[in-house]
Amino acid sequence: MAEAVPDPADVAMATQLLARMNLRIEDLVDLDALVAERAGAGGEVPTVRRVPTFAEFVPVVEGAVPAPSRRVYGTYWRKIVEVWGGRRLDEVTVSDVQGLFESVRTGVVKRRSGNGGQGAAEHAYNALLCLYRYAMDEELLSVRQNVMLRVAKPKRVRSRRHSLDPELVAKIQEVASTTGNDPGLDALLLRFHIETAARRGGALGLRLRDLDREQCLVLLREKGMTSRWQPVSPTLMDTLVHHAHQRGARDEDSPVLRYHDGTPLTRKRYETLWGRIGKHVDTVHTQMISTHWLRHTTLTWVERNFGFAVARAYAGHAEPTSNKHGATYTYVKASLTEVATALQAMTGIRHPLAIFGYEEVEEHPLAAVLVGPQEL
């Protein structure tokens with residue numbers, strides 16, 4: 001009986017269907033069975049790339065990812081190697097992964113700011129996802145072999161952070177500017193994060209070359225290897241430049257924020273600052289308030305007074321790439337001028353990129369920190 005010849009139209013349709021499903025022909029084939037069958041028949045044996053073990057593959061990925069990813073995922077990759085080091089990436093099951101999440105949850109160090117290990121489980125999920133994405137990119141695994149496509153992401157715990165009220169901010173400002181071994185630096189940190197709503201990484205990564213004095217802009221480099229120009233008031237810009245030069249910053253790549261001895265600032269300063277404030281302000285200690293709460297406060301104020309699009313641009317959040325929440329979200333984008341105008345309204349200080357006229361807005365909750373306003 002003659003072998004049936006497939007209809008070209010059917011082949012084309014099947015190929016298009018596989019493409020829409022992000023599948024390849026080889027993803028539908030049991031390669032181990034195919035190799036055994038052809039080897040036994042003396043036929044041509046297809047070349048199959050060996051799937052590495054976790055102990056072999058984790059160091060490869062560690063060397064390929066950016067430093068921030070290594071810092072976040074490193075602990076979980078070490079745990080994965082400890083548990084599954086000798087196993088191949090295609091030998092792990094969904095129940096194995098769920099067991100790992102549970103182990104991470106129960107093994108987390110108990111802290112007052114903890115959420116029952118749920119955040120650690122989410123980090124473990126992302127660490128595994130990163131490994132499997134690299135394996136897929138290197139074509140070491142097929143879609144069928146990628147267990148992470150069948151694992152549900154641990155539910156994210158709702159953040160307890162919220163906008164701060166003016167009275168509390170006034171207390172925070174008073175403690176920061178009157179205690180400690182470098183109150184000038186601490187006051188500058190508060191001012192910087194209030195005006196820019198930047199994350200800590202944006203402040204710590206700031207270099208002299210990132211200060212545009214003419215247009216009063218700073219270049220923020222933050223998580224996800226993203227960067228953006230963010231408006232700051234002329235008052236803050238002058239203070240940043242003076243602070244950097246006074247403490248030894250000279251070449252263009254010199255960090256701006258520094259200790260008294262000229263050593264570049266580290267994350268440790270933030271921990272020291274809020275730990276000290278917490279000793280004087282009970283609410284800061286009880287609610288575990290930190291720098292990120294300032295970001296929440298400023299962005300909430302911007303959204304209330306200038307709308308969602310401006311708040312999104314002010315925060316440096318990625319613009320939507322789909323119309324999941326409505327097509328309008330993909331169209332509404334805020335300009336740098338609009339962000340500068342919001343900053344100008346917040347500080348009461350004229351910004352070179354801002355529009356002069358704007359409707360009256362409510363006082364910013366952090367006005368106590370924004371000292372020295374000048375007439376517009």
# chains A, B, ... in the order shown; residues from 1 in each chain; ligands from 1
$ residues_around --residues "Gly316 in chain A" --least-positions-apart "2" --cutoff "9 Å" --atoms "only C-alpha atoms" --output "PDB file with N, CA, C and O atoms, in the first residue's frame"
ATOM      1  N   ALA A 198      12.711  58.060  43.832  1.00  0.00           N
ATOM      2  CA  ALA A 198      13.651  57.037  43.357  1.00  0.00           C
ATOM      3  C   ALA A 198      13.778  55.909  44.362  1.00  0.00           C
ATOM      4  O   ALA A 198      13.541  56.078  45.567  1.00  0.00           O
ATOM      5  N   GLU A 222      18.005  52.076  37.788  1.00  0.00           N
ATOM      6  CA  GLU A 222      17.312  51.308  38.814  1.00  0.00           C
ATOM      7  C   GLU A 222      17.144  49.864  38.381  1.00  0.00           C
ATOM      8  O   GLU A 222      17.804  49.387  37.460  1.00  0.00           O
ATOM      9  N   THR A 226      17.075  49.435  34.000  1.00  0.00           N
ATOM     10  CA  THR A 226      16.407  50.576  33.397  1.00  0.00           C
ATOM     11  C   THR A 226      17.099  51.873  33.811  1.00  0.00           C
ATOM     12  O   THR A 226      17.799  51.923  34.826  1.00  0.00           O
ATOM     13  N   SER A 227      16.910  52.913  33.026  1.00  0.00           N
ATOM     14  CA  SER A 227      17.452  54.224  33.364  1.00  0.00           C
ATOM     15  C   SER A 227      16.501  55.291  32.838  1.00  0.00           C
ATOM     16  O   SER A 227      15.792  55.063  31.848  1.00  0.00           O
ATOM     17  N   ARG A 228      16.474  56.418  33.497  1.00  0.00           N
ATOM     18  CA  ARG A 228      15.608  57.521  33.058  1.00  0.00           C
ATOM     19  C   ARG A 228      16.145  58.840  33.590  1.00  0.00           C
ATOM     20  O   ARG A 228      16.808  58.885  34.624  1.00  0.00           O
ATOM     21  N   GLN A 230      15.316  62.177  35.416  1.00  0.00           N
ATOM     22  CA  GLN A 230      14.291  62.601  36.366  1.00  0.00           C
ATOM     23  C   GLN A 230      14.535  64.052  36.777  1.00  0.00           C
ATOM     24  O   GLN A 230      15.636  64.421  37.168  1.00  0.00           O
ATOM     25  N   ALA A 311       1.977  60.078  36.988  1.00  0.00           N
ATOM     26  CA  ALA A 311       2.514  59.295  38.108  1.00  0.00           C
ATOM     27  C   ALA A 311       3.327  58.115  37.600  1.00  0.00           C
ATOM     28  O   ALA A 311       4.378  57.783  38.167  1.00  0.00           O
ATOM     29  N   ARG A 312       2.862  57.461  36.527  1.00  0.00           N
ATOM     30  CA  ARG A 312       3.598  56.335  35.964  1.00  0.00           C
ATOM     31  C   ARG A 312       4.961  56.782  35.444  1.00  0.00           C
ATOM     32  O   ARG A 312       5.983  56.126  35.679  1.00  0.00           O
ATOM     33  N   ALA A 313       4.998  57.906  34.745  1.00  0.00           N
ATOM     34  CA  ALA A 313       6.274  58.424  34.242  1.00  0.00           C
ATOM     35  C   ALA A 313       7.164  58.878  35.392  1.00  0.00           C
ATOM     36  O   ALA A 313       8.385  58.677  35.368  1.00  0.00           O
ATOM     37  N   TYR A 314       6.580  59.507  36.404  1.00  0.00           N
ATOM     38  CA  TYR A 314       7.343  59.968  37.571  1.00  0.00           C
ATOM     39  C   TYR A 314       8.015  58.796  38.267  1.00  0.00           C
ATOM     40  O   TYR A 314       9.160  58.890  38.728  1.00  0.00           O
ATOM     41  N   ALA A 318       7.397  50.886  33.589  1.00  0.00           N
ATOM     42  CA  ALA A 318       7.331  50.570  32.169  1.00  0.00           C
ATOM     43  C   ALA A 318       5.944  50.884  31.629  1.00  0.00           C
ATOM     44  O   ALA A 318       4.930  50.679  32.304  1.00  0.00           O
ATOM     45  N   GLU A 319       5.904  51.375  30.404  1.00  0.00           N
ATOM     46  CA  GLU A 319       4.623  51.632  29.767  1.00  0.00           C
ATOM     47  C   GLU A 319       4.003  50.313  29.323  1.00  0.00           C
ATOM     48  O   GLU A 319       4.719  49.387  28.933  1.00  0.00           O
TER      49      GLU A 319
END
$ residues_around --residues "range 289-291 of chain A" --least-positions-apart "6" --cutoff "9 Å" --atoms "only C-alpha atoms" --output "PyMOL selection string"
chain A and resi 161+190+193+199-200+270-271+274+278+283
$ atom_distance --atom1 "CA of Ala249 in chain A" --atom2 "CA of Glu195 in chain A"
22.6 Å
$ residues_around --residues "Leu219 in chain A" --least-positions-apart "5" --cutoff "10 Å" --atoms "only C-alpha atoms" --output "list in words"
Gly202, Ala203, Gly205, Leu206, Arg207, Leu208, Arg209, Asp210, Leu211, Asp212, Ser227, Arg228, Trp229, Gln230 and Pro231 of chain A
$ write_last_selection --atoms "N, CA and C atoms" --output "CSV table (one decimal), in the first residue's frame"
chain,number,residue,atom,x,y,z
A,202,GLY,N,18.8,53.9,42.7
A,202,GLY,CA,18.9,55.1,41.9
A,202,GLY,C,19.8,56.1,42.5
A,203,ALA,N,19.7,56.3,43.9
A,203,ALA,CA,20.6,57.2,44.6
A,203,ALA,C,22.0,56.7,44.7
A,205,GLY,N,23.6,54.7,42.7
A,205,GLY,CA,24.2,54.6,41.4
A,205,GLY,C,24.5,56.0,40.8
A,206,LEU,N,24.1,57.1,41.4
A,206,LEU,CA,24.3,58.4,40.8
A,206,LEU,C,25.7,58.8,40.7
A,207,ARG,N,26.2,59.2,39.5
A,207,ARG,CA,27.5,59.7,39.3
A,207,ARG,C,27.5,61.2,38.9
A,208,LEU,N,28.7,61.8,38.9
A,208,LEU,CA,28.8,63.2,38.5
A,208,LEU,C,28.3,63.4,37.1
A,209,ARG,N,28.6,62.5,36.2
A,209,ARG,CA,28.2,62.6,34.8
A,209,ARG,C,26.6,62.5,34.7
A,210,ASP,N,26.0,62.1,35.7
A,210,ASP,CA,24.5,61.9,35.7
A,210,ASP,C,23.8,63.1,36.1
A,211,LEU,N,24.5,64.2,36.4
A,211,LEU,CA,23.8,65.5,36.8
A,211,LEU,C,23.8,66.5,35.7
A,212,ASP,N,22.7,66.8,35.2
A,212,ASP,CA,22.5,67.8,34.1
A,212,ASP,C,22.1,69.1,34.8
A,227,SER,N,16.9,52.9,33.0
A,227,SER,CA,17.5,54.2,33.4
A,227,SER,C,16.5,55.3,32.8
A,228,ARG,N,16.5,56.4,33.5
A,228,ARG,CA,15.6,57.5,33.1
A,228,ARG,C,16.1,58.8,33.6
A,229,TRP,N,15.8,59.9,32.9
A,229,TRP,CA,16.2,61.3,33.3
A,229,TRP,C,15.0,61.8,34.2
A,230,GLN,N,15.3,62.2,35.4
A,230,GLN,CA,14.3,62.6,36.4
A,230,GLN,C,14.5,64.1,36.8
A,231,PRO,N,13.5,64.9,36.7
A,231,PRO,CA,13.7,66.3,37.1
A,231,PRO,C,13.9,66.4,38.6
$ select_by_dssp --residues "range 157-286 of chain A" --states "alpha helix (DSSP H)" --output "count of residues only"
64
$ closest_residue --among "A:Arg191, A:Arg71, A:Arg50, A:Arg144" --to "Thr298 in chain A" --atoms "only C-alpha atoms"
A:Arg191
